[in-house]
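Have a look at run32.pdb below; it lists PDB, C-alpha atoms and all ligand atoms.
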```
ATOM      1  CA  MET A   1     -24.010 -36.916  22.766  1.00  0.00           C
ATOM      2  CA  THR A   2     -23.950 -33.785  24.879  1.00  0.00           C
ATOM      3  CA  VAL A   3     -25.647 -30.619  23.755  1.00  0.00           C
ATOM      4  CA  LYS A   4     -24.558 -27.680  25.869  1.00  0.00           C
ATOM      5  CA  PRO A   5     -26.649 -24.551  26.471  1.00  0.00           C
ATOM      6  CA  LEU A   6     -25.658 -21.638  24.255  1.00  0.00           C
ATOM      7  CA  ILE A   7     -24.682 -18.256  25.670  1.00  0.00           C
ATOM      8  CA  ILE A   8     -26.914 -15.608  24.110  1.00  0.00           C
ATOM      9  CA  LEU A   9     -26.495 -11.841  23.649  1.00  0.00           C
ATOM     10  CA  PRO A  10     -26.318  -9.658  25.777  1.00  0.00           C
ATOM     11  CA  ASP A  11     -24.577 -12.083  28.193  1.00  0.00           C
ATOM     12  CA  PRO A  12     -21.254 -10.397  29.076  1.00  0.00           C
ATOM     13  CA  VAL A  13     -19.511 -13.799  28.919  1.00  0.00           C
ATOM     14  CA  LEU A  14     -19.462 -13.305  25.127  1.00  0.00           C
ATOM     15  CA  ARG A  15     -17.132 -10.325  25.640  1.00  0.00           C
ATOM     16  CA  GLN A  16     -14.467 -12.331  27.491  1.00  0.00           C
ATOM     17  CA  VAL A  17     -11.103 -12.858  25.823  1.00  0.00           C
ATOM     18  CA  SER A  18     -10.456 -16.615  25.714  1.00  0.00           C
ATOM     19  CA  LYS A  19      -7.236 -18.182  27.014  1.00  0.00           C
ATOM     20  CA  PRO A  20      -4.936 -20.461  25.021  1.00  0.00           C
ATOM     21  CA  VAL A  21      -5.524 -24.207  25.354  1.00  0.00           C
ATOM     22  CA  GLU A  22      -2.563 -25.554  27.292  1.00  0.00           C
ATOM     23  CA  ARG A  23      -3.117 -29.313  27.049  1.00  0.00           C
ATOM     24  CA  ILE A  24      -4.600 -31.264  24.184  1.00  0.00           C
ATOM     25  CA  ASP A  25      -5.812 -34.308  26.096  1.00  0.00           C
ATOM     26  CA  ALA A  26      -8.831 -36.631  26.422  1.00  0.00           C
ATOM     27  CA  PRO A  27     -11.014 -34.110  28.315  1.00  0.00           C
ATOM     28  CA  LEU A  28     -10.329 -31.493  25.633  1.00  0.00           C
ATOM     29  CA  ARG A  29     -11.224 -33.972  22.861  1.00  0.00           C
ATOM     30  CA  LYS A  30     -14.458 -34.814  24.717  1.00  0.00           C
ATOM     31  CA  PHE A  31     -15.238 -31.109  25.044  1.00  0.00           C
ATOM     32  CA  ALA A  32     -14.606 -30.565  21.313  1.00  0.00           C
ATOM     33  CA  ALA A  33     -16.993 -33.473  20.555  1.00  0.00           C
ATOM     34  CA  ASP A  34     -19.625 -31.838  22.803  1.00  0.00           C
ATOM     35  CA  MET A  35     -19.125 -28.561  20.945  1.00  0.00           C
ATOM     36  CA  LEU A  36     -19.732 -30.349  17.625  1.00  0.00           C
ATOM     37  CA  ASP A  37     -22.896 -31.982  19.057  1.00  0.00           C
ATOM     38  CA  THR A  38     -24.080 -28.555  20.204  1.00  0.00           C
ATOM     39  CA  MET A  39     -23.313 -26.972  16.823  1.00  0.00           C
ATOM     40  CA  TYR A  40     -25.105 -29.736  14.848  1.00  0.00           C
ATOM     41  CA  ASP A  41     -28.096 -29.573  17.187  1.00  0.00           C
ATOM     42  CA  ALA A  42     -28.516 -25.794  16.781  1.00  0.00           C
ATOM     43  CA  PRO A  43     -27.876 -26.182  13.772  1.00  0.00           C
ATOM     44  CA  GLY A  44     -24.897 -24.015  12.878  1.00  0.00           C
ATOM     45  CA  ILE A  45     -21.711 -24.180  10.814  1.00  0.00           C
ATOM     46  CA  GLY A  46     -19.288 -22.857  13.432  1.00  0.00           C
ATOM     47  CA  LEU A  47     -19.008 -22.560  17.207  1.00  0.00           C
ATOM     48  CA  ALA A  48     -16.433 -21.071  19.564  1.00  0.00           C
ATOM     49  CA  ALA A  49     -15.914 -22.488  23.079  1.00  0.00           C
ATOM     50  CA  ILE A  50     -16.947 -19.204  24.718  1.00  0.00           C
ATOM     51  CA  GLN A  51     -20.415 -19.650  23.175  1.00  0.00           C
ATOM     52  CA  VAL A  52     -20.919 -22.561  25.573  1.00  0.00           C
ATOM     53  CA  GLY A  53     -19.270 -20.628  28.407  1.00  0.00           C
ATOM     54  CA  GLU A  54     -15.664 -21.932  28.219  1.00  0.00           C
ATOM     55  CA  PRO A  55     -13.127 -19.144  27.688  1.00  0.00           C
ATOM     56  CA  LEU A  56     -10.752 -21.362  25.665  1.00  0.00           C
ATOM     57  CA  ARG A  57      -9.186 -20.666  22.274  1.00  0.00           C
ATOM     58  CA  LEU A  58     -10.987 -23.544  20.608  1.00  0.00           C
ATOM     59  CA  LEU A  59     -13.495 -23.630  17.785  1.00  0.00           C
ATOM     60  CA  VAL A  60     -15.296 -26.115  15.586  1.00  0.00           C
ATOM     61  CA  ILE A  61     -16.500 -25.703  12.005  1.00  0.00           C
ATOM     62  CA  ASP A  62     -18.408 -27.925   9.572  1.00  0.00           C
ATOM     63  CA  LEU A  63     -19.345 -26.405   6.228  1.00  0.00           C
ATOM     64  CA  ALA A  64     -20.894 -29.589   4.751  1.00  0.00           C
ATOM     65  CA  LYS A  65     -24.256 -28.838   3.173  1.00  0.00           C
ATOM     66  CA  GLU A  66     -27.435 -30.639   4.132  1.00  0.00           C
ATOM     67  CA  GLY A  67     -27.373 -34.157   2.690  1.00  0.00           C
ATOM     68  CA  GLU A  68     -23.553 -34.194   2.423  1.00  0.00           C
ATOM     69  CA  PRO A  69     -21.471 -36.288   4.817  1.00  0.00           C
ATOM     70  CA  ARG A  70     -20.355 -34.388   7.909  1.00  0.00           C
ATOM     71  CA  ALA A  71     -16.927 -32.761   7.718  1.00  0.00           C
ATOM     72  CA  PRO A  72     -16.092 -31.614  11.254  1.00  0.00           C
ATOM     73  CA  GLN A  73     -12.957 -29.548  11.778  1.00  0.00           C
ATOM     74  CA  VAL A  74     -11.511 -28.580  15.140  1.00  0.00           C
ATOM     75  CA  PHE A  75      -9.128 -25.640  15.538  1.00  0.00           C
ATOM     76  CA  VAL A  76      -7.098 -25.360  18.740  1.00  0.00           C
ATOM     77  CA  ASN A  77      -5.353 -22.031  19.418  1.00  0.00           C
ATOM     78  CA  PRO A  78      -6.073 -20.697  15.904  1.00  0.00           C
ATOM     79  CA  GLU A  79      -4.273 -17.570  14.734  1.00  0.00           C
ATOM     80  CA  ILE A  80      -4.742 -15.507  11.606  1.00  0.00           C
ATOM     81  CA  VAL A  81      -1.240 -15.049  10.169  1.00  0.00           C
ATOM     82  CA  ALA A  82      -2.186 -13.421   6.825  1.00  0.00           C
ATOM     83  CA  ARG A  83      -5.179 -11.572   5.362  1.00  0.00           C
ATOM     84  CA  SER A  84      -5.897 -10.753   1.713  1.00  0.00           C
ATOM     85  CA  ASP A  85      -6.240  -7.135   0.604  1.00  0.00           C
ATOM     86  CA  ASP A  86      -9.393  -7.910  -1.330  1.00  0.00           C
ATOM     87  CA  ARG A  87     -12.516  -8.110   0.725  1.00  0.00           C
ATOM     88  CA  SER A  88     -15.816  -9.872   0.398  1.00  0.00           C
ATOM     89  CA  VAL A  89     -19.271  -9.397   1.844  1.00  0.00           C
ATOM     90  CA  TYR A  90     -21.215 -12.241   3.393  1.00  0.00           C
ATOM     91  CA  GLU A  91     -24.518 -12.289   5.229  1.00  0.00           C
ATOM     92  CA  GLU A  92     -23.560 -13.539   8.690  1.00  0.00           C
ATOM     93  CA  GLY A  93     -25.547 -14.911  11.562  1.00  0.00           C
ATOM     94  CA  CYS A  94     -24.487 -16.229  14.972  1.00  0.00           C
ATOM     95  CA  LEU A  95     -25.834 -18.920  17.302  1.00  0.00           C
ATOM     96  CA  SER A  96     -25.434 -16.408  20.145  1.00  0.00           C
ATOM     97  CA  ILE A  97     -27.574 -13.825  18.303  1.00  0.00           C
ATOM     98  CA  PRO A  98     -30.414 -16.043  17.043  1.00  0.00           C
ATOM     99  CA  ASP A  99     -32.484 -15.045  14.013  1.00  0.00           C
ATOM    100  CA  TYR A 100     -30.463 -11.933  13.212  1.00  0.00           C
ATOM    101  CA  TYR A 101     -28.472 -11.633   9.990  1.00  0.00           C
ATOM    102  CA  ALA A 102     -26.432  -8.794   8.566  1.00  0.00           C
ATOM    103  CA  GLU A 103     -23.912  -8.272   5.788  1.00  0.00           C
ATOM    104  CA  VAL A 104     -20.333  -8.074   7.024  1.00  0.00           C
ATOM    105  CA  GLU A 105     -17.293  -7.141   4.954  1.00  0.00           C
ATOM    106  CA  ARG A 106     -14.036  -8.939   5.765  1.00  0.00           C
ATOM    107  CA  PRO A 107     -10.814  -9.950   4.014  1.00  0.00           C
ATOM    108  CA  ALA A 108     -11.784 -12.455   1.312  1.00  0.00           C
ATOM    109  CA  ALA A 109      -8.966 -14.880   2.196  1.00  0.00           C
ATOM    110  CA  VAL A 110      -6.975 -15.633   5.322  1.00  0.00           C
ATOM    111  CA  THR A 111      -4.176 -17.949   6.356  1.00  0.00           C
ATOM    112  CA  VAL A 112      -4.721 -19.529   9.761  1.00  0.00           C
ATOM    113  CA  THR A 113      -2.364 -21.607  11.872  1.00  0.00           C
ATOM    114  CA  TYR A 114      -3.809 -23.900  14.538  1.00  0.00           C
ATOM    115  CA  SER A 115      -3.266 -27.179  16.353  1.00  0.00           C
ATOM    116  CA  ASP A 116      -5.350 -30.255  15.616  1.00  0.00           C
ATOM    117  CA  LEU A 117      -6.627 -32.632  18.302  1.00  0.00           C
ATOM    118  CA  GLU A 118      -3.422 -34.685  18.050  1.00  0.00           C
ATOM    119  CA  GLY A 119      -1.410 -31.588  18.883  1.00  0.00           C
ATOM    120  CA  ALA A 120       0.120 -31.139  15.414  1.00  0.00           C
ATOM    121  CA  ARG A 121       0.488 -27.531  14.320  1.00  0.00           C
ATOM    122  CA  ARG A 122      -1.183 -26.961  10.958  1.00  0.00           C
ATOM    123  CA  GLU A 123      -1.768 -24.176   8.473  1.00  0.00           C
ATOM    124  CA  MET A 124      -4.878 -23.530   6.379  1.00  0.00           C
ATOM    125  CA  LYS A 125      -5.301 -21.092   3.510  1.00  0.00           C
ATOM    126  CA  ALA A 126      -9.004 -20.330   3.455  1.00  0.00           C
ATOM    127  CA  GLU A 127     -11.239 -18.366   1.129  1.00  0.00           C
ATOM    128  CA  GLY A 128     -14.968 -18.007   0.581  1.00  0.00           C
ATOM    129  CA  LEU A 129     -17.234 -19.222   3.350  1.00  0.00           C
ATOM    130  CA  MET A 130     -14.375 -20.894   5.260  1.00  0.00           C
ATOM    131  CA  ALA A 131     -12.475 -17.585   5.416  1.00  0.00           C
ATOM    132  CA  THR A 132     -15.574 -15.787   6.694  1.00  0.00           C
ATOM    133  CA  CYS A 133     -16.356 -18.508   9.212  1.00  0.00           C
ATOM    134  CA  LEU A 134     -12.800 -18.658  10.599  1.00  0.00           C
ATOM    135  CA  GLN A 135     -12.701 -14.869  11.031  1.00  0.00           C
ATOM    136  CA  HIS A 136     -16.139 -14.848  12.704  1.00  0.00           C
ATOM    137  CA  GLU A 137     -15.168 -17.635  15.136  1.00  0.00           C
ATOM    138  CA  ILE A 138     -11.686 -16.267  15.899  1.00  0.00           C
ATOM    139  CA  ASP A 139     -13.376 -12.922  16.662  1.00  0.00           C
ATOM    140  CA  HIS A 140     -15.364 -14.771  19.364  1.00  0.00           C
ATOM    141  CA  LEU A 141     -12.076 -15.827  21.015  1.00  0.00           C
ATOM    142  CA  ASN A 142     -11.272 -12.122  21.351  1.00  0.00           C
ATOM    143  CA  GLY A 143     -14.698 -11.153  22.680  1.00  0.00           C
ATOM    144  CA  VAL A 144     -15.719  -9.672  19.324  1.00  0.00           C
ATOM    145  CA  LEU A 145     -19.126 -10.308  17.726  1.00  0.00           C
ATOM    146  CA  PHE A 146     -20.132  -9.909  14.077  1.00  0.00           C
ATOM    147  CA  ILE A 147     -22.435  -7.055  15.071  1.00  0.00           C
ATOM    148  CA  ASP A 148     -19.261  -5.106  15.984  1.00  0.00           C
ATOM    149  CA  HIS A 149     -18.587  -4.947  12.227  1.00  0.00           C
ATOM    150  CA  ILE A 150     -21.922  -3.321  11.316  1.00  0.00           C
ATOM    151  CA  SER A 151     -23.066   0.279  11.860  1.00  0.00           C
ATOM    152  CA  LYS A 152     -23.475   1.486  15.435  1.00  0.00           C
ATOM    153  CA  LEU A 153     -27.116   2.322  14.717  1.00  0.00           C
ATOM    154  CA  LYS A 154     -27.885  -1.246  13.617  1.00  0.00           C
ATOM    155  CA  ARG A 155     -25.831  -2.715  16.472  1.00  0.00           C
ATOM    156  CA  ASP A 156     -27.603  -0.627  19.107  1.00  0.00           C
ATOM    157  CA  MET A 157     -30.961  -1.801  17.719  1.00  0.00           C
ATOM    158  CA  VAL A 158     -29.967  -5.479  17.919  1.00  0.00           C
ATOM    159  CA  VAL A 159     -28.532  -5.183  21.422  1.00  0.00           C
ATOM    160  CA  LYS A 160     -31.657  -3.369  22.595  1.00  0.00           C
ATOM    161  CA  LYS A 161     -33.871  -6.073  21.114  1.00  0.00           C
ATOM    162  CA  PHE A 162     -31.896  -8.866  22.816  1.00  0.00           C
ATOM    163  CA  ARG A 163     -31.818  -7.019  26.148  1.00  0.00           C
ATOM    164  CA  LYS A 164     -35.597  -6.837  26.011  1.00  0.00           C
ATOM    165  CA  LEU A 165     -35.873 -10.526  25.051  1.00  0.00           C
ATOM    166  CA  ALA A 166     -33.621 -11.479  27.982  1.00  0.00           C
ATOM    167  CA  ARG A 167     -35.735  -9.382  30.337  1.00  0.00           C
ATOM    168  CA  ASP A 168     -38.991 -10.904  29.104  1.00  0.00           C
ATOM    169  CA  LYS A 169     -37.543 -14.414  29.445  1.00  0.00           C
ATOM    170  CA  ALA A 170     -36.234 -13.902  32.987  1.00  0.00           C
ATOM    171  CA  PRO A 171     -38.403 -15.871  35.419  1.00  0.00           C
ATOM    172  CA  ALA A 172     -40.749 -13.798  37.531  1.00  0.00           C
ATOM    173  CA  ARG A 173     -39.472 -13.589  41.088  1.00  0.00           C
ATOM    174  CA  MET A 174     -41.493 -15.463  43.633  1.00  0.00           C
ATOM    175  CA  LEU A 175     -42.913 -13.427  46.466  1.00  0.00           C
ATOM    176  CA  GLY A 176     -43.363 -14.607  50.033  1.00  0.00           C
TER     177      GLY A 176
HETATM  178 ZN    ZN A 201     -20.927 -16.344  16.258  1.00  0.00          ZN
END
```
Let me see whether you can do it: turn the structure in this file into structure tokens.
Amino acid sequence: MTVKPLIILPDPVLRQVSKPVERIDAPLRKFAADMLDTMYDAPGIGLAAIQVGEPLRLLVIDLAKEGEPRAPQVFVNPEIVARSDDRSVYEEGCLSIPDYYAEVERPAAVTVTYSDLEGARREMKAEGLMATCLQHEIDHLNGVLFIDHISKLKRDMVVKKFRKLARDKAPARMLG
């Protein structure tokens, strides 16, 4: 089991646009397993590779509730190919923006194509929490965060708070 350190706001790495996965091989499967370990350890229900510092179009999701058997899903090179006109609001959070939650409105349903870890191209029609989660994680692959979908006033407040936290956490420089 390998738990990787999470990249936290305002780290500019989170704004990188991730590159397509070119080879689905043993190292990629190991990396996806590490991402799942990291997500379960946090704990969270979704994680994009960039959140552990790898700019790859790869994400993991597990929506199983506490007490239910795990249901890990890995999405390689996911793409949203259709969005519903009706929208829904969900209170979102993000492992890269700890302890901050805000309501975000998005299309209520999406169709996503992706490759699985065997390299087969698949399609998923998602609604509810899965639709929200897929859109949130695919945003990460494009350098977009859920706070980009809230008001600028609220976003500026969050970014300011995390900048201050990062400053306070930075180790004091040794003199002499
Ligand atoms: Zn996130």
- Message: Please list as a list in words every residue within 12 Å of Ala64 of chain A, counting all atoms listed in the file and excluding residues in the same chain fewer than 2 positions away.
- Response: Tyr40, Pro43, Gly44, Ile45, Gly46, Ile61, Asp62, Glu66, Gly67, Glu68, Pro69, Arg70, Ala71, Pro72, Gln73, Leu129 and Met130 of chain A
Selection file, C-alpha atoms, as a PDB file, in the frame of the given file:
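Below is the file that was written, again-v2.pdb:
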```
ATOM      1  CA  TYR A  40     -25.105 -29.736  14.848  1.00  0.00           C
ATOM      2  CA  PRO A  43     -27.876 -26.182  13.772  1.00  0.00           C
ATOM      3  CA  GLY A  44     -24.897 -24.015  12.878  1.00  0.00           C
ATOM      4  CA  ILE A  45     -21.711 -24.180  10.814  1.00  0.00           C
ATOM      5  CA  GLY A  46     -19.288 -22.857  13.432  1.00  0.00           C
ATOM      6  CA  ILE A  61     -16.500 -25.703  12.005  1.00  0.00           C
ATOM      7  CA  ASP A  62     -18.408 -27.925   9.572  1.00  0.00           C
ATOM      8  CA  GLU A  66     -27.435 -30.639   4.132  1.00  0.00           C
ATOM      9  CA  GLY A  67     -27.373 -34.157   2.690  1.00  0.00           C
ATOM     10  CA  GLU A  68     -23.553 -34.194   2.423  1.00  0.00           C
ATOM     11  CA  PRO A  69     -21.471 -36.288   4.817  1.00  0.00           C
ATOM     12  CA  ARG A  70     -20.355 -34.388   7.909  1.00  0.00           C
ATOM     13  CA  ALA A  71     -16.927 -32.761   7.718  1.00  0.00           C
ATOM     14  CA  PRO A  72     -16.092 -31.614  11.254  1.00  0.00           C
ATOM     15  CA  GLN A  73     -12.957 -29.548  11.778  1.00  0.00           C
ATOM     16  CA  LEU A 129     -17.234 -19.222   3.350  1.00  0.00           C
ATOM     17  CA  MET A 130     -14.375 -20.894   5.260  1.00  0.00           C
TER      18      MET A 130
END
```
Step by step, work through what the PyMOL selection byres (((chain A and resi 123) around 8) and not hetatm) selects in the shown file, and finish by giving those residues as a compact mmCIF listing (two decimals) with C-alpha atoms, in the coordinates of the input.
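The new file selection.txt reads:
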```txt
# COMPACT_ATOMS: atom_id res chain seq x y z
CA THR A 111 -4.18 -17.95 6.36
CA VAL A 112 -4.72 -19.53 9.76
CA THR A 113 -2.36 -21.61 11.87
CA TYR A 114 -3.81 -23.90 14.54
CA ARG A 121 0.49 -27.53 14.32
CA ARG A 122 -1.18 -26.96 10.96
CA MET A 124 -4.88 -23.53 6.38
CA LYS A 125 -5.30 -21.09 3.51
```
Can you write out as a Markdown table which residues of chain A fall within 10 Å of ligand ZN 201 (chain A), alongside each residue's closest atom pair and its distance in Å to one decimal, counting all atoms listed in the file and ordering rows by chain and ascending residue number?
```
| residue | atom | partner | partner_atom | distance |
| --- | --- | --- | --- | --- |
| A:Ile8 | CA | A:ZN201 | ZN | 9.9 |
| A:Leu14 | CA | A:ZN201 | ZN | 9.5 |
| A:Gly44 | CA | A:ZN201 | ZN | 9.3 |
| A:Ile45 | CA | A:ZN201 | ZN | 9.6 |
| A:Gly46 | CA | A:ZN201 | ZN | 7.3 |
| A:Leu47 | CA | A:ZN201 | ZN | 6.6 |
| A:Ala48 | CA | A:ZN201 | ZN | 7.3 |
| A:Ile50 | CA | A:ZN201 | ZN | 9.8 |
| A:Gln51 | CA | A:ZN201 | ZN | 7.7 |
| A:Glu92 | CA | A:ZN201 | ZN | 8.5 |
| A:Gly93 | CA | A:ZN201 | ZN | 6.7 |
| A:Cys94 | CA | A:ZN201 | ZN | 3.8 |
| A:Leu95 | CA | A:ZN201 | ZN | 5.6 |
| A:Ser96 | CA | A:ZN201 | ZN | 6.0 |
| A:Ile97 | CA | A:ZN201 | ZN | 7.4 |
| A:Pro98 | CA | A:ZN201 | ZN | 9.5 |
| A:Cys133 | CA | A:ZN201 | ZN | 8.7 |
| A:Gln135 | CA | A:ZN201 | ZN | 9.9 |
| A:His136 | CA | A:ZN201 | ZN | 6.1 |
| A:Glu137 | CA | A:ZN201 | ZN | 6.0 |
| A:Ile138 | CA | A:ZN201 | ZN | 9.2 |
| A:Asp139 | CA | A:ZN201 | ZN | 8.3 |
| A:His140 | CA | A:ZN201 | ZN | 6.6 |
| A:Val144 | CA | A:ZN201 | ZN | 9.0 |
| A:Leu145 | CA | A:ZN201 | ZN | 6.5 |
| A:Phe146 | CA | A:ZN201 | ZN | 6.8 |
| A:Ile147 | CA | A:ZN201 | ZN | 9.5 |
```
Restricting the output to C-alpha atoms, write the selected residues as a CSV table (one decimal), in the coordinates of the input.
```csv
chain,number,residue,atom,x,y,z
A,8,ILE,CA,-26.9,-15.6,24.1
A,14,LEU,CA,-19.5,-13.3,25.1
A,44,GLY,CA,-24.9,-24.0,12.9
A,45,ILE,CA,-21.7,-24.2,10.8
A,46,GLY,CA,-19.3,-22.9,13.4
A,47,LEU,CA,-19.0,-22.6,17.2
A,48,ALA,CA,-16.4,-21.1,19.6
A,50,ILE,CA,-16.9,-19.2,24.7
A,51,GLN,CA,-20.4,-19.6,23.2
A,92,GLU,CA,-23.6,-13.5,8.7
A,93,GLY,CA,-25.5,-14.9,11.6
A,94,CYS,CA,-24.5,-16.2,15.0
A,95,LEU,CA,-25.8,-18.9,17.3
A,96,SER,CA,-25.4,-16.4,20.1
A,97,ILE,CA,-27.6,-13.8,18.3
A,98,PRO,CA,-30.4,-16.0,17.0
A,133,CYS,CA,-16.4,-18.5,9.2
A,135,GLN,CA,-12.7,-14.9,11.0
A,136,HIS,CA,-16.1,-14.8,12.7
A,137,GLU,CA,-15.2,-17.6,15.1
A,138,ILE,CA,-11.7,-16.3,15.9
A,139,ASP,CA,-13.4,-12.9,16.7
A,140,HIS,CA,-15.4,-14.8,19.4
A,144,VAL,CA,-15.7,-9.7,19.3
A,145,LEU,CA,-19.1,-10.3,17.7
A,146,PHE,CA,-20.1,-9.9,14.1
A,147,ILE,CA,-22.4,-7.1,15.1
```
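The residues returned by the PyMOL selection byres (((chain A and resi 21) around 10) and not hetatm) for this structure are Ser18, Lys19, Pro20, Glu22, Arg23, Ile24, Leu28, Pro55, Leu56, Arg57, Leu58, Val76, Asn77 and Ser115 of chain A.
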Next, write the just-selected residues to a file, as a compact mmCIF listing (two decimals), in the coordinates of the input, keeping C-alpha atoms as the atom set.
```txt
# COMPACT_ATOMS: atom_id res chain seq x y z
CA SER A 18 -10.46 -16.61 25.71
CA LYS A 19 -7.24 -18.18 27.01
CA PRO A 20 -4.94 -20.46 25.02
CA GLU A 22 -2.56 -25.55 27.29
CA ARG A 23 -3.12 -29.31 27.05
CA ILE A 24 -4.60 -31.26 24.18
CA LEU A 28 -10.33 -31.49 25.63
CA PRO A 55 -13.13 -19.14 27.69
CA LEU A 56 -10.75 -21.36 25.66
CA ARG A 57 -9.19 -20.67 22.27
CA LEU A 58 -10.99 -23.54 20.61
CA VAL A 76 -7.10 -25.36 18.74
CA ASN A 77 -5.35 -22.03 19.42
CA SER A 115 -3.27 -27.18 16.35
```
- Taking (-23.7, -15.8, -3.0) in the file's coordinates, which residues come within 12 Å, counting only C-alpha atoms, written as a PyMOL selection string? chain A and resi 88-92+103+128-129
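If only C-alpha atoms are the atoms counted, then among A:Gly143, A:Gly119, A:Pro171, A:Pro5 the closest residue to Val52 of chain A is A:Pro5.
What the PyMOL selection byres (((chain A and resi 110) around 9) and not hetatm) matches in the given file is A:Ile80, A:Val81, A:Ala82, A:Arg83, A:Ser84, A:Pro107, A:Ala108, A:Ala109, A:Thr111, A:Val112, A:Met124, A:Lys125, A:Ala126, A:Glu127, A:Ala131, A:Thr132, A:Leu134, A:Gln135.
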Take the residues that were just selected and, keeping C-alpha atoms, output them as a PDB file, in the frame of the given file.
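Written output follows (part_7.pdb):
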```
ATOM      1  CA  ILE A  80      -4.742 -15.507  11.606  1.00  0.00           C
ATOM      2  CA  VAL A  81      -1.240 -15.049  10.169  1.00  0.00           C
ATOM      3  CA  ALA A  82      -2.186 -13.421   6.825  1.00  0.00           C
ATOM      4  CA  ARG A  83      -5.179 -11.572   5.362  1.00  0.00           C
ATOM      5  CA  SER A  84      -5.897 -10.753   1.713  1.00  0.00           C
ATOM      6  CA  PRO A 107     -10.814  -9.950   4.014  1.00  0.00           C
ATOM      7  CA  ALA A 108     -11.784 -12.455   1.312  1.00  0.00           C
ATOM      8  CA  ALA A 109      -8.966 -14.880   2.196  1.00  0.00           C
ATOM      9  CA  THR A 111      -4.176 -17.949   6.356  1.00  0.00           C
ATOM     10  CA  VAL A 112      -4.721 -19.529   9.761  1.00  0.00           C
ATOM     11  CA  MET A 124      -4.878 -23.530   6.379  1.00  0.00           C
ATOM     12  CA  LYS A 125      -5.301 -21.092   3.510  1.00  0.00           C
ATOM     13  CA  ALA A 126      -9.004 -20.330   3.455  1.00  0.00           C
ATOM     14  CA  GLU A 127     -11.239 -18.366   1.129  1.00  0.00           C
ATOM     15  CA  ALA A 131     -12.475 -17.585   5.416  1.00  0.00           C
ATOM     16  CA  THR A 132     -15.574 -15.787   6.694  1.00  0.00           C
ATOM     17  CA  LEU A 134     -12.800 -18.658  10.599  1.00  0.00           C
ATOM     18  CA  GLN A 135     -12.701 -14.869  11.031  1.00  0.00           C
TER      19      GLN A 135
END
```
Axis-aligned box for segment 105-119 of chain A, 4 Å per side, centre and edges in Å as AutoDock Vina command-line options:
```
--center_x -9.4 --center_y -20.9 --center_z 10.1 --size_x 23.9 --size_y 35.5 --size_z 25.6
```
- Message: as a VMD selection string, please: the residues near segment 153-166 of chain A (cut-off 9 Å, all atoms listed in the file, same-chain neighbours under 3 positions excluded).
- Response: chain A and resid 8 to 10 97 100 147 to 150 169 to 170
So that I have them on file, write out the residues from the current selection with C-alpha atoms, as a short mmCIF file (atom, residue, chain, number, x, y, z; two decimals), in the frame of the given file.
```
data_model
loop_
_atom_site.label_atom_id
_atom_site.label_comp_id
_atom_site.auth_asym_id
_atom_site.auth_seq_id
_atom_site.Cartn_x
_atom_site.Cartn_y
_atom_site.Cartn_z
CA ILE A 8 -26.91 -15.61 24.11
CA LEU A 9 -26.50 -11.84 23.65
CA PRO A 10 -26.32 -9.66 25.78
CA ILE A 97 -27.57 -13.82 18.30
CA TYR A 100 -30.46 -11.93 13.21
CA ILE A 147 -22.44 -7.06 15.07
CA ASP A 148 -19.26 -5.11 15.98
CA HIS A 149 -18.59 -4.95 12.23
CA ILE A 150 -21.92 -3.32 11.32
CA LYS A 169 -37.54 -14.41 29.44
CA ALA A 170 -36.23 -13.90 32.99
#
```
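A straight line drawn from atom CA of Val74 of chain A to atom CA of Asp116 of chain A is 6.4 Å long.
Computed from the coordinates, the atom CA of Val60 of chain A to atom CA of Lys30 of chain A distance equals 12.6 Å.
Separating atom CA of Asp85 of chain A from atom CA of Glu105 of chain A is a distance of 11.9 Å.
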- Quick one: of A:Ala102, A:Leu63, A:Val17, A:Met1, who's nearest to Leu141 of chain A, counting only C-alpha atoms? A:Val17
